[in-house]
Structure formats: C-alpha cells, structure tokens
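With compact mmCIF, C-alpha atoms inside, this is my_file.txt:
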# COMPACT_ATOMS: atom_id res chain seq x y z
CA MET A 1 -110.51 -13.19 -8.66
CA GLN A 2 -112.08 -10.35 -6.70
CA THR A 3 -110.64 -9.24 -3.39
CA HIS A 4 -112.23 -7.17 -0.64
CA PHE A 5 -109.40 -5.71 1.41
CA THR A 6 -109.83 -2.37 3.12
CA ASP A 7 -107.52 0.56 2.43
CA SER A 8 -105.95 0.15 5.86
CA GLN A 9 -105.27 -3.53 5.15
CA ARG A 10 -103.60 -2.60 1.87
CA ASP A 11 -101.13 -0.49 3.85
CA GLU A 12 -99.57 -3.76 5.04
CA PRO A 13 -96.85 -5.10 2.69
CA GLY A 14 -97.97 -8.70 3.23
CA ILE A 15 -101.54 -7.91 2.21
CA ARG A 16 -100.38 -6.08 -0.92
CA ILE A 17 -98.36 -9.12 -1.96
CA ALA A 18 -101.25 -11.48 -1.19
CA GLU A 19 -103.75 -9.37 -3.11
CA GLU A 20 -101.52 -9.32 -6.17
CA VAL A 21 -101.31 -13.13 -6.06
CA LEU A 22 -105.02 -13.61 -5.37
CA ARG A 23 -106.08 -11.41 -8.29
CA LYS A 24 -104.19 -13.68 -10.70
CA CYS A 25 -106.20 -16.76 -9.71
CA VAL A 26 -109.11 -17.40 -12.12
CA HIS A 27 -110.29 -20.62 -10.43
CA CYS A 28 -109.61 -22.57 -13.63
CA GLY A 29 -108.93 -25.79 -11.71
CA PHE A 30 -105.75 -26.81 -13.57
CA CYS A 31 -104.02 -27.08 -10.20
CA THR A 32 -106.40 -29.78 -8.96
CA ALA A 33 -105.00 -32.24 -11.50
CA THR A 34 -101.50 -32.09 -10.01
CA CYS A 35 -102.25 -31.61 -6.29
CA PRO A 36 -101.29 -34.73 -4.30
CA THR A 37 -103.82 -34.25 -1.51
CA TYR A 38 -106.70 -33.50 -3.87
CA ARG A 39 -105.81 -36.64 -5.82
CA ILE A 40 -106.21 -38.67 -2.63
CA THR A 41 -109.33 -37.05 -1.16
CA GLY A 42 -111.21 -35.42 -4.04
CA ASP A 43 -112.07 -32.65 -1.55
CA GLU A 44 -112.07 -29.15 -3.06
CA LEU A 45 -110.65 -27.74 0.19
CA GLU A 46 -107.71 -30.11 -0.17
CA SER A 47 -106.79 -28.49 -3.50
CA PRO A 48 -104.77 -25.31 -4.12
CA ARG A 49 -107.90 -23.59 -5.42
CA GLY A 50 -109.80 -24.45 -2.25
CA ARG A 51 -106.94 -23.47 0.02
CA ILE A 52 -106.59 -20.14 -1.76
CA ALA A 53 -110.23 -19.42 -0.90
CA LEU A 54 -109.57 -20.32 2.75
CA ILE A 55 -106.49 -18.10 2.86
CA GLN A 56 -108.31 -15.20 1.24
CA ASP A 57 -111.02 -15.44 3.88
CA LEU A 58 -108.43 -15.47 6.68
CA LEU A 59 -106.64 -12.43 5.31
CA GLU A 60 -109.75 -10.38 4.52
CA THR A 61 -111.60 -11.03 7.77
CA GLY A 62 -108.61 -11.06 10.10
CA ALA A 63 -110.41 -13.76 12.07
CA ALA A 64 -108.62 -16.48 14.00
CA PRO A 65 -108.36 -19.70 11.93
CA THR A 66 -110.78 -22.50 12.78
CA PRO A 67 -109.52 -26.04 13.44
CA LEU A 68 -111.00 -27.18 10.12
CA THR A 69 -109.25 -24.43 8.17
CA VAL A 70 -105.96 -25.19 9.93
CA SER A 71 -106.35 -28.88 9.11
CA HIS A 72 -106.82 -28.23 5.38
CA LEU A 73 -103.88 -25.84 5.25
CA ASP A 74 -101.66 -28.17 7.29
CA HIS A 75 -102.32 -30.93 4.76
CA CYS A 76 -100.63 -28.87 2.03
CA LEU A 77 -97.15 -30.24 1.23
CA SER A 78 -95.85 -26.98 -0.30
CA CYS A 79 -94.70 -29.17 -3.19
CA LEU A 80 -95.49 -26.28 -5.58
CA SER A 81 -96.72 -28.59 -8.31
CA CYS A 82 -99.68 -26.24 -8.59
CA GLU A 83 -97.34 -23.36 -9.47
CA SER A 84 -95.80 -25.33 -12.33
CA THR A 85 -99.30 -26.15 -13.61
CA CYS A 86 -100.98 -22.76 -13.19
CA PRO A 87 -101.47 -20.98 -16.54
CA SER A 88 -102.03 -17.65 -14.75
CA GLY A 89 -98.73 -17.60 -12.87
CA VAL A 90 -100.23 -17.70 -9.37
CA SER A 91 -97.40 -17.72 -6.80
CA TYR A 92 -99.14 -20.05 -4.38
CA ARG A 93 -96.10 -20.28 -2.12
CA ARG A 94 -96.53 -16.63 -1.06
CA LEU A 95 -100.06 -17.35 0.13
CA ILE A 96 -99.43 -20.63 1.95
CA ASP A 97 -96.32 -19.27 3.69
CA GLN A 98 -98.24 -16.19 4.86
CA ALA A 99 -101.13 -18.36 6.03
CA ARG A 100 -98.81 -20.56 8.07
CA GLU A 101 -97.34 -17.57 9.84
CA LEU A 102 -100.85 -16.32 10.54
CA ILE A 103 -101.81 -19.72 12.01
CA GLU A 104 -98.69 -19.67 14.16
CA GLU A 105 -99.67 -16.24 15.45
CA LYS A 106 -103.43 -16.62 15.95
CA TYR A 107 -104.21 -20.30 16.46
CA ARG A 108 -103.64 -22.29 19.64
CA ARG A 109 -102.71 -25.81 18.60
CA PRO A 110 -103.22 -28.85 20.85
CA ARG A 111 -100.37 -29.23 23.31
CA PHE A 112 -98.72 -32.29 21.68
CA ASP A 113 -98.89 -30.75 18.21
CA ARG A 114 -97.47 -27.47 19.48
CA GLY A 115 -94.65 -29.23 21.31
CA LEU A 116 -93.73 -31.47 18.37
CA ARG A 117 -93.54 -28.53 15.97
CA ALA A 118 -91.40 -26.52 18.38
CA LEU A 119 -89.12 -29.51 18.92
CA LEU A 120 -88.63 -30.15 15.20
CA ALA A 121 -87.96 -26.48 14.45
CA TRP A 122 -85.30 -26.37 17.17
CA LEU A 123 -83.81 -29.87 16.94
CA LEU A 124 -83.31 -30.54 13.23
CA PRO A 125 -81.02 -27.54 12.55
CA GLN A 126 -78.82 -28.45 15.57
CA GLN A 127 -76.50 -31.16 14.28
CA ALA A 128 -75.04 -32.21 17.63
CA TRP A 129 -78.42 -32.40 19.33
CA PHE A 130 -80.03 -34.07 16.31
CA ARG A 131 -77.35 -36.76 16.31
CA ALA A 132 -77.79 -37.27 20.06
CA ALA A 133 -81.57 -37.56 19.59
CA LEU A 134 -81.12 -40.24 16.90
CA VAL A 135 -78.73 -42.20 19.11
CA ALA A 136 -81.23 -41.98 21.97
CA GLY A 137 -83.97 -43.00 19.55
CA ARG A 138 -82.10 -46.17 18.63
CA TRP A 139 -81.84 -47.19 22.29
CA SER A 140 -85.48 -46.36 22.97
CA ARG A 141 -86.84 -47.85 19.73
CA PRO A 142 -88.89 -50.59 21.53
CA LEU A 143 -90.62 -47.94 23.64
CA LEU A 144 -91.24 -45.73 20.59
CA CYS A 145 -92.65 -48.65 18.62
CA PHE A 146 -95.00 -49.49 21.49
CA ALA A 147 -96.16 -45.88 21.77
CA GLY A 148 -96.51 -45.77 18.00
CA ARG A 149 -99.40 -48.21 18.22
CA PHE A 150 -101.45 -45.38 19.70
CA SER A 151 -100.14 -42.42 17.69
CA LEU A 152 -99.37 -42.21 13.97
CA ARG A 153 -96.95 -39.38 14.63
CA ILE A 154 -94.92 -41.31 17.18
CA ASP A 155 -94.95 -44.29 14.84
CA ALA A 156 -93.60 -42.04 12.07
CA LEU A 157 -90.88 -40.78 14.42
CA ALA A 158 -89.92 -44.34 15.35
CA ARG A 159 -89.67 -45.42 11.73
CA MET A 160 -87.48 -42.43 10.83
CA VAL A 161 -84.78 -43.41 13.35
CA PRO A 162 -82.01 -45.12 11.32
CA GLY A 163 -80.56 -48.44 12.42
CA ALA A 164 -77.02 -47.00 12.25
CA LEU A 165 -75.49 -43.55 11.94
CA PRO A 166 -72.39 -42.51 9.97
CA SER A 167 -69.55 -41.14 12.02
CA ALA A 168 -69.45 -37.39 12.57
CA ARG A 169 -65.85 -37.62 11.30
CA ASP A 170 -67.19 -38.40 7.80
CA ALA A 171 -68.47 -34.83 7.36
CA ILE A 172 -66.54 -32.56 5.01
CA ARG A 173 -64.35 -29.97 6.71
CA PRO A 174 -64.22 -26.22 6.05
CA GLY A 175 -61.48 -25.18 3.68
CA ILE A 176 -60.51 -24.54 0.07
CA TYR A 177 -60.12 -27.65 -2.08
CA PRO A 178 -58.30 -26.94 -5.38
CA ALA A 179 -59.56 -28.27 -8.69
CA GLU A 180 -57.78 -31.25 -10.19
CA GLY A 181 -56.16 -29.74 -13.26
CA THR A 182 -57.26 -26.43 -14.71
CA GLU A 183 -59.78 -24.50 -12.63
CA ILE A 184 -63.02 -23.94 -14.56
CA ARG A 185 -65.35 -22.88 -11.74
CA ARG A 186 -65.08 -21.73 -8.15
CA VAL A 187 -67.93 -23.23 -6.12
CA ALA A 188 -69.11 -22.70 -2.56
CA LEU A 189 -70.42 -26.01 -1.19
CA ILE A 190 -72.70 -25.26 1.75
CA ALA A 191 -73.12 -28.21 4.09
CA GLY A 192 -76.68 -28.82 5.28
CA CYS A 193 -77.83 -29.69 8.77
CA VAL A 194 -79.96 -32.87 8.60
CA GLN A 195 -78.04 -34.37 5.67
CA GLY A 196 -74.74 -33.80 7.46
CA VAL A 197 -75.90 -36.22 10.17
CA LEU A 198 -77.81 -38.78 8.11
CA ALA A 199 -75.62 -38.98 5.00
CA PRO A 200 -72.36 -36.95 5.14
CA ASP A 201 -71.02 -39.05 2.27
CA ILE A 202 -73.28 -37.12 -0.14
CA ASP A 203 -71.30 -33.91 0.32
CA ALA A 204 -68.05 -35.91 0.31
CA ALA A 205 -69.01 -37.44 -3.05
CA THR A 206 -69.93 -33.98 -4.36
CA LEU A 207 -66.56 -32.60 -3.30
CA ARG A 208 -64.68 -35.36 -5.17
CA LEU A 209 -66.95 -35.06 -8.21
CA LEU A 210 -66.57 -31.30 -8.55
CA ARG A 211 -62.79 -31.27 -8.07
CA ARG A 212 -62.47 -34.04 -10.67
CA HIS A 213 -64.29 -31.81 -13.16
CA GLY A 214 -62.35 -28.59 -12.75
CA CYS A 215 -64.00 -26.93 -9.76
CA THR A 216 -62.18 -25.36 -6.85
CA VAL A 217 -64.52 -25.96 -3.94
CA VAL A 218 -64.85 -23.60 -0.99
CA VAL A 219 -66.47 -25.16 2.07
CA PRO A 220 -67.32 -22.24 4.39
CA ALA A 221 -66.90 -22.53 8.13
CA PRO A 222 -70.21 -23.55 9.74
CA ALA A 223 -70.72 -20.13 11.30
CA ALA A 224 -74.21 -19.84 9.92
CA GLY A 225 -76.15 -23.07 10.18
CA CYS A 226 -79.54 -24.14 8.88
CA CYS A 227 -80.77 -22.40 5.73
CA GLY A 228 -84.07 -21.73 7.54
CA ALA A 229 -86.33 -23.83 5.31
CA LEU A 230 -87.54 -26.08 8.13
CA PRO A 231 -88.82 -23.34 10.49
CA HIS A 232 -90.02 -21.30 7.50
CA HIS A 233 -92.40 -24.02 6.36
CA LEU A 234 -93.59 -24.50 9.93
CA GLY A 235 -94.81 -20.90 9.95
CA LYS A 236 -92.03 -19.69 12.23
CA GLY A 237 -91.16 -16.66 10.13
CA THR A 238 -89.10 -14.69 12.64
CA PRO A 239 -86.51 -17.39 13.45
CA ALA A 240 -86.40 -18.43 9.77
CA GLN A 241 -85.61 -14.87 8.71
CA ALA A 242 -82.99 -14.58 11.46
CA MET A 243 -81.31 -17.70 10.06
CA ALA A 244 -81.33 -16.20 6.58
CA HIS A 245 -79.74 -12.98 7.88
CA ARG A 246 -77.08 -14.93 9.78
CA ASN A 247 -76.25 -17.05 6.76
CA LEU A 248 -75.99 -14.07 4.46
CA ASP A 249 -73.68 -12.29 6.89
CA ALA A 250 -71.44 -15.37 6.92
CA TRP A 251 -71.39 -15.70 3.12
CA ARG A 252 -71.23 -12.08 1.91
CA GLU A 253 -67.62 -12.29 0.76
CA LEU A 254 -68.51 -15.32 -1.36
CA VAL A 255 -71.13 -13.49 -3.43
CA ARG A 256 -69.89 -9.91 -3.70
CA THR A 257 -68.52 -9.27 -7.15
CA ASP A 258 -65.68 -7.08 -5.84
CA SER A 259 -64.52 -9.67 -3.28
CA PRO A 260 -61.34 -11.68 -3.96
CA ALA A 261 -63.08 -14.63 -2.24
CA ALA A 262 -66.10 -14.54 -4.58
CA VAL A 263 -67.35 -17.78 -6.10
CA ASP A 264 -69.16 -18.44 -9.38
CA THR A 265 -71.72 -20.83 -7.93
CA VAL A 266 -73.34 -21.50 -4.56
CA LEU A 267 -74.39 -25.10 -4.09
CA MET A 268 -76.32 -27.14 -1.54
CA THR A 269 -76.76 -30.81 -2.34
CA ALA A 270 -80.20 -31.01 -0.74
CA SER A 271 -82.46 -29.48 -3.38
CA GLY A 272 -84.96 -28.41 -0.70
CA CYS A 273 -82.29 -26.26 0.93
CA GLY A 274 -81.01 -24.94 -2.39
CA SER A 275 -84.52 -23.93 -3.41
CA HIS A 276 -84.89 -22.01 -0.15
CA LEU A 277 -81.58 -20.19 -0.72
CA LYS A 278 -82.91 -19.04 -4.08
CA ASP A 279 -85.82 -17.50 -2.18
CA TYR A 280 -83.52 -15.34 -0.02
CA ALA A 281 -83.98 -12.52 -2.54
CA TYR A 282 -87.68 -12.47 -1.62
CA LEU A 283 -87.19 -13.09 2.10
CA LEU A 284 -84.56 -10.33 2.44
CA PRO A 285 -85.70 -7.79 -0.18
CA ASP A 286 -83.72 -4.87 1.24
CA ASP A 287 -80.36 -6.66 1.07
CA GLY A 288 -78.68 -6.58 -2.34
CA ASP A 289 -76.37 -9.45 -1.40
CA ALA A 290 -79.43 -11.69 -0.98
CA ALA A 291 -80.35 -11.18 -4.63
CA GLU A 292 -76.75 -11.83 -5.67
CA LEU A 293 -76.69 -15.03 -3.61
CA ALA A 294 -79.96 -16.20 -5.16
CA ARG A 295 -78.58 -15.53 -8.65
CA ARG A 296 -75.57 -17.78 -8.00
CA VAL A 297 -77.43 -20.68 -6.39
CA LYS A 298 -77.57 -23.76 -8.59
CA ASP A 299 -78.49 -27.37 -8.13
CA LEU A 300 -75.71 -29.92 -8.61
CA SER A 301 -77.38 -31.21 -11.78
CA GLN A 302 -77.49 -27.72 -13.29
CA LEU A 303 -73.83 -27.08 -12.52
CA LEU A 304 -72.71 -30.42 -13.97
CA ASP A 305 -74.90 -29.92 -17.03
CA GLU A 306 -73.11 -26.62 -17.67
CA LEU A 307 -69.69 -28.19 -17.07
CA SER A 308 -70.41 -31.12 -19.39
CA ALA A 309 -71.30 -28.66 -22.14
CA GLN A 310 -67.75 -27.31 -21.87
CA THR A 311 -65.95 -30.63 -21.52
CA PRO A 312 -67.29 -34.22 -21.36
CA LEU A 313 -67.66 -35.82 -17.94
CA ARG A 314 -64.83 -38.23 -17.11
CA VAL A 315 -66.89 -41.39 -17.31
CA VAL A 316 -65.28 -44.70 -16.33
CA SER A 317 -65.96 -47.25 -19.03
CA GLY A 318 -68.28 -50.08 -18.00
CA ILE A 319 -69.75 -48.59 -14.83
CA SER A 320 -73.10 -47.79 -16.44
CA ALA A 321 -73.31 -50.94 -18.55
CA GLY A 322 -76.64 -52.66 -17.97
CA VAL A 323 -77.62 -50.20 -15.19
CA THR A 324 -81.03 -48.58 -15.49
CA LEU A 325 -81.86 -45.66 -13.24
CA ALA A 326 -85.24 -44.43 -12.04
CA TRP A 327 -84.96 -40.66 -11.66
CA GLN A 328 -87.11 -39.43 -8.77
CA SER A 329 -87.31 -35.68 -9.21
CA PRO A 330 -87.74 -33.84 -5.88
CA CYS A 331 -90.52 -31.25 -5.85
CA SER A 332 -88.01 -28.65 -4.70
CA LEU A 333 -85.98 -29.25 -7.86
CA GLN A 334 -88.69 -29.54 -10.49
CA HIS A 335 -91.01 -26.87 -9.03
CA GLY A 336 -88.73 -24.82 -6.74
CA PHE A 337 -85.77 -24.60 -9.15
CA ASN A 338 -88.07 -25.16 -12.14
CA GLU A 339 -85.57 -27.76 -13.35
CA LYS A 340 -86.72 -31.04 -14.87
CA SER A 341 -84.23 -32.00 -17.58
CA ALA A 342 -80.67 -31.29 -16.35
CA PRO A 343 -80.40 -34.35 -14.05
CA ILE A 344 -81.59 -36.66 -16.82
CA ARG A 345 -79.12 -35.19 -19.33
CA VAL A 346 -76.22 -35.57 -16.89
CA LEU A 347 -77.08 -39.18 -16.05
CA GLN A 348 -77.49 -40.03 -19.72
CA ALA A 349 -74.14 -38.40 -20.45
CA CYS A 350 -72.64 -41.00 -18.11
CA GLY A 351 -74.22 -43.78 -20.18
CA PHE A 352 -77.09 -44.69 -17.88
CA ASP A 353 -80.50 -45.74 -19.17
CA VAL A 354 -82.76 -43.27 -17.31
CA ARG A 355 -86.44 -43.92 -16.70
CA GLN A 356 -89.04 -41.76 -14.97
CA PRO A 357 -91.80 -43.21 -12.79
CA GLN A 358 -95.42 -42.56 -13.65
CA ASN A 359 -96.71 -39.15 -12.50
CA PRO A 360 -93.23 -37.73 -11.77
CA HIS A 361 -94.78 -34.42 -10.68
CA LEU A 362 -96.44 -35.99 -7.61
CA CYS A 363 -94.71 -35.54 -4.24
CA CYS A 364 -93.27 -38.54 -2.37
CA GLY A 365 -94.69 -37.22 0.92
CA SER A 366 -91.44 -36.16 2.59
CA ALA A 367 -91.78 -32.37 2.25
CA GLY A 368 -89.47 -31.35 5.08
CA THR A 369 -91.22 -32.33 8.31
CA TYR A 370 -94.49 -33.26 6.60
CA ASN A 371 -93.95 -37.02 6.95
CA LEU A 372 -93.69 -36.55 10.72
CA LEU A 373 -96.60 -34.13 11.08
CA GLN A 374 -99.01 -35.63 8.53
CA PRO A 375 -98.07 -39.33 8.56
CA ALA A 376 -101.30 -40.66 7.02
CA PHE A 377 -100.98 -38.58 3.84
CA ALA A 378 -97.20 -39.07 3.74
CA GLU A 379 -97.52 -42.85 4.03
CA ARG A 380 -99.94 -43.05 1.11
CA LEU A 381 -97.87 -40.75 -1.09
CA GLY A 382 -94.64 -42.57 -0.22
CA ARG A 383 -96.13 -45.96 -1.07
CA ASP A 384 -97.49 -44.68 -4.37
CA LYS A 385 -94.12 -43.19 -5.32
CA ALA A 386 -92.22 -46.35 -4.31
CA ASP A 387 -94.61 -48.50 -6.34
CA ALA A 388 -94.15 -46.24 -9.36
CA ILE A 389 -90.35 -46.40 -9.06
CA THR A 390 -90.41 -50.20 -8.69
CA ALA A 391 -92.68 -50.49 -11.74
CA THR A 392 -89.96 -48.93 -13.92
CA GLY A 393 -87.83 -52.04 -13.41
CA ALA A 394 -84.81 -49.84 -12.73
CA THR A 395 -81.67 -51.17 -11.08
CA ILE A 396 -81.19 -48.10 -8.88
CA ALA A 397 -83.37 -45.13 -7.93
CA VAL A 398 -81.73 -41.70 -7.86
CA SER A 399 -82.88 -38.46 -6.25
CA ALA A 400 -81.39 -35.12 -5.23
CA ASN A 401 -82.88 -34.44 -1.80
CA ILE A 402 -82.12 -36.14 1.50
CA GLY A 403 -85.77 -35.93 2.59
CA CYS A 404 -86.98 -37.86 -0.46
CA ILE A 405 -84.22 -40.45 -0.06
CA THR A 406 -85.01 -41.00 3.62
CA GLN A 407 -88.75 -41.17 2.93
CA LEU A 408 -88.40 -43.70 0.12
CA GLN A 409 -85.75 -46.10 1.45
CA ALA A 410 -88.13 -48.10 3.61
CA LYS A 411 -91.00 -47.80 1.11
CA LEU A 412 -88.84 -49.21 -1.70
CA ALA A 413 -87.78 -52.11 0.53
CA VAL A 414 -91.44 -53.06 0.89
CA ALA A 415 -92.43 -52.37 -2.72
CA GLY A 416 -89.53 -54.36 -4.15
CA GLY A 417 -90.07 -57.51 -2.08
CA GLU A 418 -87.02 -59.78 -2.27
CA ARG A 419 -85.25 -57.42 -4.71
CA PRO A 420 -85.82 -53.89 -3.39
CA THR A 421 -84.56 -50.96 -5.42
CA PRO A 422 -81.71 -49.10 -3.65
CA ILE A 423 -81.85 -45.30 -3.77
CA LEU A 424 -78.83 -43.02 -4.11
CA HIS A 425 -78.22 -39.31 -4.26
CA LEU A 426 -77.29 -37.92 -7.67
CA ALA A 427 -73.84 -37.00 -6.36
CA GLN A 428 -73.15 -40.58 -5.24
CA ILE A 429 -74.03 -42.23 -8.57
CA LEU A 430 -72.13 -39.59 -10.59
CA ASP A 431 -69.06 -39.80 -8.38
CA TRP A 432 -69.04 -43.58 -8.86
CA ALA A 433 -69.54 -43.28 -12.63
CA THR A 434 -66.62 -40.85 -12.99
CA GLY A 435 -63.98 -42.62 -10.91
CA GLY A 436 -65.16 -42.69 -7.30
CA GLU A 437 -65.72 -45.70 -5.10
CA ARG A 438 -68.84 -47.81 -5.21
CA PRO A 439 -71.41 -46.03 -3.00
CA ALA A 440 -71.70 -47.58 0.44
CA ALA A 441 -75.45 -46.94 0.25
CA LEU A 442 -75.71 -49.76 -2.31
CA GLY A 443 -74.82 -52.23 0.43
CA LYS A 444 -74.92 -55.78 -0.90
CA HIS A 445 -77.23 -54.99 -3.82
CA GLU A 446 -76.11 -56.68 -7.00
CA VAL A 447 -75.50 -54.10 -9.72
CA PRO A 448 -74.36 -54.80 -13.30
CA GLY A 449 -71.22 -53.19 -14.67
CA LYS A 450 -67.79 -52.70 -13.11
CA HIS A 451 -67.52 -52.68 -9.34

Write out the structure in this file as structure tokens.
Amino acid sequence: MQTHFTDSQRDEPGIRIAEEVLRKCVHCGFCTATCPTYRITGDELESPRGRIALIQDLLETGAAPTPLTVSHLDHCLSCLSCESTCPSGVSYRRLIDQARELIEEKYRRPRFDRGLRALLAWLLPQQAWFRAALVAGRWSRPLLCFAGRFSLRIDALARMVPGALPSARDAIRPGIYPAEGTEIRRVALIAGCVQGVLAPDIDAATLRLLRRHGCTVVVPAPAAGCCGALPHHLGKGTPAQAMAHRNLDAWRELVRTDSPAAVDTVLMTASGCGSHLKDYAYLLPDDGDAAELARRVKDLSQLLDELSAQTPLRVVSGISAGVTLAWQSPCSLQHGFNEKSAPIRVLQACGFDVRQPQNPHLCCGSAGTYNLLQPAFAERLGRDKADAITATGATIAVSANIGCITQLQAKLAVAGGERPTPILHLAQILDWATGGERPAALGKHEVPGKH
C-alpha cells in the first residue's frame, strides 16, 4: 500500500519500521477471516485491515487519536492470527504496539480507564501485592459483585478473583536441580509473575517432568521479575523496555556461549511470556545477548518434542487409557511461537487421544489483561471457545498459558453443565502421564485410566 510520510518523519526509526510493514499490506482481506473481533462485529474497522488504515492515518498525520479510533484499536486482542494468515508477511504486531504507545502518549483516557490500566500494569508483576489484592478481593467479593451490576469491568474483576489461593510456599525455589540420570539438556526455567501466584504447581510439575527426562534445571533467583509483556501490550513502552533490560542483565550468564553457567534452553511455562521473551531481540536491538536469549527460548512442548525424538518419554502404562484431550492452543503459542503441532505430538506420544476444537485459531478472549479491559468481547469469545471445547467430547482440556486456563475454567463449568470439562496446563498432564501425581486441578472429576 502507498504511504505518505515526510522525509523528516522517515528520520524516526519507528516510522521507518512502520512504513516497511505498511508497504507490505495489499488489502487482500485474508486477515478478516481469522480476526476474532471482525467475526463478531462484521465491522471493517474491527479487522486488521481496518486497524492498519487507522494506524497509518495516526502515524502520517501525527494527530491525537480520536475516541473512536482508540476504541477500535483497544478492541484488538493482539492474538496475531492475522499474521499467521497474511500471505504478504505483514508484521501487524509492530504496528499495533506502536499505535498503543502513541495512544498512551497522546490520548487522555477517562479517569477510571486510566486508573485501571495503571493499576494492572503495576499490580500484576508484583507477586506479593498481587497475592494481597486477591486475598482482599475474596473478602470484598460481595461488594465487588454488587458494584459489578453497574460496570462490566468491575464484574470481570470480581469473577477473576479465585475462591482459594495456593500457598506461596508451593512456588519453586531458585537453585540448580540435577537431571535424573544422564544429563541431556541444561534448561533455565524462568518463573512468571501471575502464574506463580495463581498456579505455582505448573512450574513444579515442569521441574519434575524435565528432571525425569534428562534435564538439569536452573531456576534463577527472582532478581528480574515480570517479562514485561503486560505493560508492553498496554502501550507502556518505557517501563516494559526497562523490565526487559533488567531481566537480560540478570540472565546474561545463562545465555552467553563462553559462560560456564550457560544453558541450552530458556523456558517459561506461560506461552504468552515465552513469546514475549522471543521478541527481546527486536525490543533490545543493540544488545547481542538479547538475540542470543531469543534464540534459546522454547516452549515446553517444543523442548519435550525434541527430547522425545532422542529418547521416548517415560509414560506410565494405563494413565492415558480412555482419556481424550481437547488441545486449546494459545494464540501466543500458535501465532507468537508459530508452533501448532509439537504439543499434539507430545500428548499423542503419551498415548492420549487428542482432539482440537472447531476454529482453533480463534482467541479465547484472555489476551493478557484484555478480559478485564474489554469484558464484553472477552465474554463472547470465551463462551464460544468453551462451547467448542465441550463439543469435542473430551475428558480433559489442555492448554499452555495461564491466561487461557483462567479465562476458560469458569466458561467450561457453564458449558459442560453437570459434567464440566476440567482444564490443565500441558506440564500438569504430562507430569502425571510420566510418573507424577494426579493433578490437584482435576479435583473430584472422574477420569478413566490409572489414578
């Protein structure tokens, strides 16, 4: 497509990147078929093609965004399904991320919206404060539910407060955990922020699973913190980049080839966080260690797929007998990592019958903080995804991202009626299948096979 930037605008690195992306777009419309918000509304401005036109106008004119433009751009989930579909290779993420930073800089949001976004960007990466907020939320649930009658966002906040929280003592501790038997890989397992509060057993299951299959696991001290994905997608570029710098400084010895502490693989068990780590090479282009980190980042499914090619997974006979799994592929995995098949191969290698819900490319509506900021769209998308998972008739649903799991738990309880489909993280089901304990997340659900 044509662009109309001035020579002085082209002196800005951000504009040069945007223009390169914009010129690849031929307005073919392939992206509209896979865009979740366009599917719901049928509005051209709720499609990637329409949003690209809005972003181009913002960048070329330099004008402050209008409320209508902000609304259409805010509705984007950043699921990146459009990137996987685009035959021209348009890197839509570069445009929407730049637009969000521009909105943050030039647009004055309503006070409640501004406060909620600032709170989420600060609170979610702070584990101690996040835990305290959830505890307070449990005590104030009646008040939140009452206020939720008048605000969809407060209602969404109320429904996201869990009935019970795991103990902080369940979190994995920093240290070096030797492989059981011969060491095949050396893996850095980076603990996340939100997941560490809501489901610390996911990383614990990953630790057992990797050690069982020949990996020495290095859990770095939590000197860094949040990967930066949450503030990044809220348009808060400066703090997000500061987080990336801080993390890289804390992990340099793990990724430098000449370091005795170097690891083969860097892993985060929330695919949304892992996908963001892979983007460090773009976010920190002048730091060679960022590119090296990005090269070593893998999803758990990719790592286990590689390991199983070397030696079969240690599957416990009978665990998978009669168990059908619905694989819910997170957008961050299938579009961010560009990985669609490794999780299915690994689950099948454990003997599970794996099914995919209809339209697996469509987002569940979690998308980081999206389900709190855009509850109407998120509710519709979550219900559709839960219905599609239930329609597979699977015994258990499996995903690889804490946001998707949290978003879908309640939706699956409604969709399944008297027999709701439980949802587990990939690490939990694989740990169980290869010798670990039955996942606590299954609760009292009846599951075929050995228990």

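The space separating CA of Ala118 (chain A) from CA of Leu234 (chain A) comes to 9.0 Å.
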
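Take the candidates A:Ala394, A:Cys215, A:Ala33, A:Leu307 and check each one against Gly322 (chain A) using only C-alpha atoms; the shortest distance goes to A:Ala394.
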
Please determine, counting all atoms listed in the file, which residue among A:Lys385, A:Arg16, A:Arg23, A:Lys298 has the shortest atom-to-atom distance to Thr3 (chain A).
A:Arg23

Do you know which residues are at most 8 Å from Glu101 (chain A) counting all atoms listed in the file, after dropping those on the same chain fewer than 3 positions away, and could you put them as a PyMOL selection string?
chain A and resi 97-98+104-105+234-237

Enumerate, as a VMD selection string, the protein, DNA and RNA residues whose atoms approach (-89.1, -22.2, -6.9) to within 8 Å, taking into account all atoms listed in the file and the coordinate frame of the file.
chain A and resid 80 275 to 276 278 to 279 332 to 333 335 to 338

Using only C-alpha atoms, please write the residues we just selected to a file, as a PDB file, in the frame of the given file.
ATOM      1  CA  LEU A  80     -95.490 -26.280  -5.580  1.00  0.00           C
ATOM      2  CA  SER A 275     -84.520 -23.930  -3.410  1.00  0.00           C
ATOM      3  CA  HIS A 276     -84.890 -22.010  -0.150  1.00  0.00           C
ATOM      4  CA  LYS A 278     -82.910 -19.040  -4.080  1.00  0.00           C
ATOM      5  CA  ASP A 279     -85.820 -17.500  -2.180  1.00  0.00           C
ATOM      6  CA  SER A 332     -88.010 -28.650  -4.700  1.00  0.00           C
ATOM      7  CA  LEU A 333     -85.980 -29.250  -7.860  1.00  0.00           C
ATOM      8  CA  HIS A 335     -91.010 -26.870  -9.030  1.00  0.00           C
ATOM      9  CA  GLY A 336     -88.730 -24.820  -6.740  1.00  0.00           C
ATOM     10  CA  PHE A 337     -85.770 -24.600  -9.150  1.00  0.00           C
ATOM     11  CA  ASN A 338     -88.070 -25.160 -12.140  1.00  0.00           C
TER      12      ASN A 338
END

Excluding same-chain residues fewer than 2 positions from Ala261 (chain A), what lies within 10 Å of it counting only C-alpha atoms, as a VMD selection string?
chain A and resid 186 218 251 to 259 263

List as a PyMOL selection string the protein and nucleic acid residues near Arg345 (chain A), meaning an atom at most 8 Å away when all atoms listed in the file are counted, but skip any in the same chain fewer than 4 places from it.
chain A and resi 305+341+349

All residues 7 Å or closer to region 50-57 of chain A, only C-alpha atoms, same chain fewer than 3 positions away omitted, as a PyMOL selection string:
chain A and resi 44-47+60-61+69+73+99

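Counting from CA of Met160 (chain A), the distance to CA of Leu120 (chain A) is 13.1 Å.
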
Using all atoms listed in the file, which of the listed residues (A:Arg153, A:Ile40, A:Val21, A:Val447) sits closest to Phe112 (chain A)?
A:Arg153

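Residues within 7 Å of Ser81 (chain A), counting all atoms listed in the file and excluding same-chain residues fewer than 2 positions away, are Thr34, Cys35, Cys79, Glu83, Ser84, Thr85, His335 and His361 of chain A.
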
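For the pair CA of Arg114 (chain A) and CA of Tyr282 (chain A), the separation is 27.7 Å.
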
Region 374-386 of chain A, all listed atoms, 5 Å padding on each side: what axis-aligned box centre and edge lengths in Å to one decimal come out, as JSON?
{"center_x": -96.8, "center_y": -41.0, "center_z": 1.6, "size_x": 19.1, "size_y": 20.7, "size_z": 23.9}
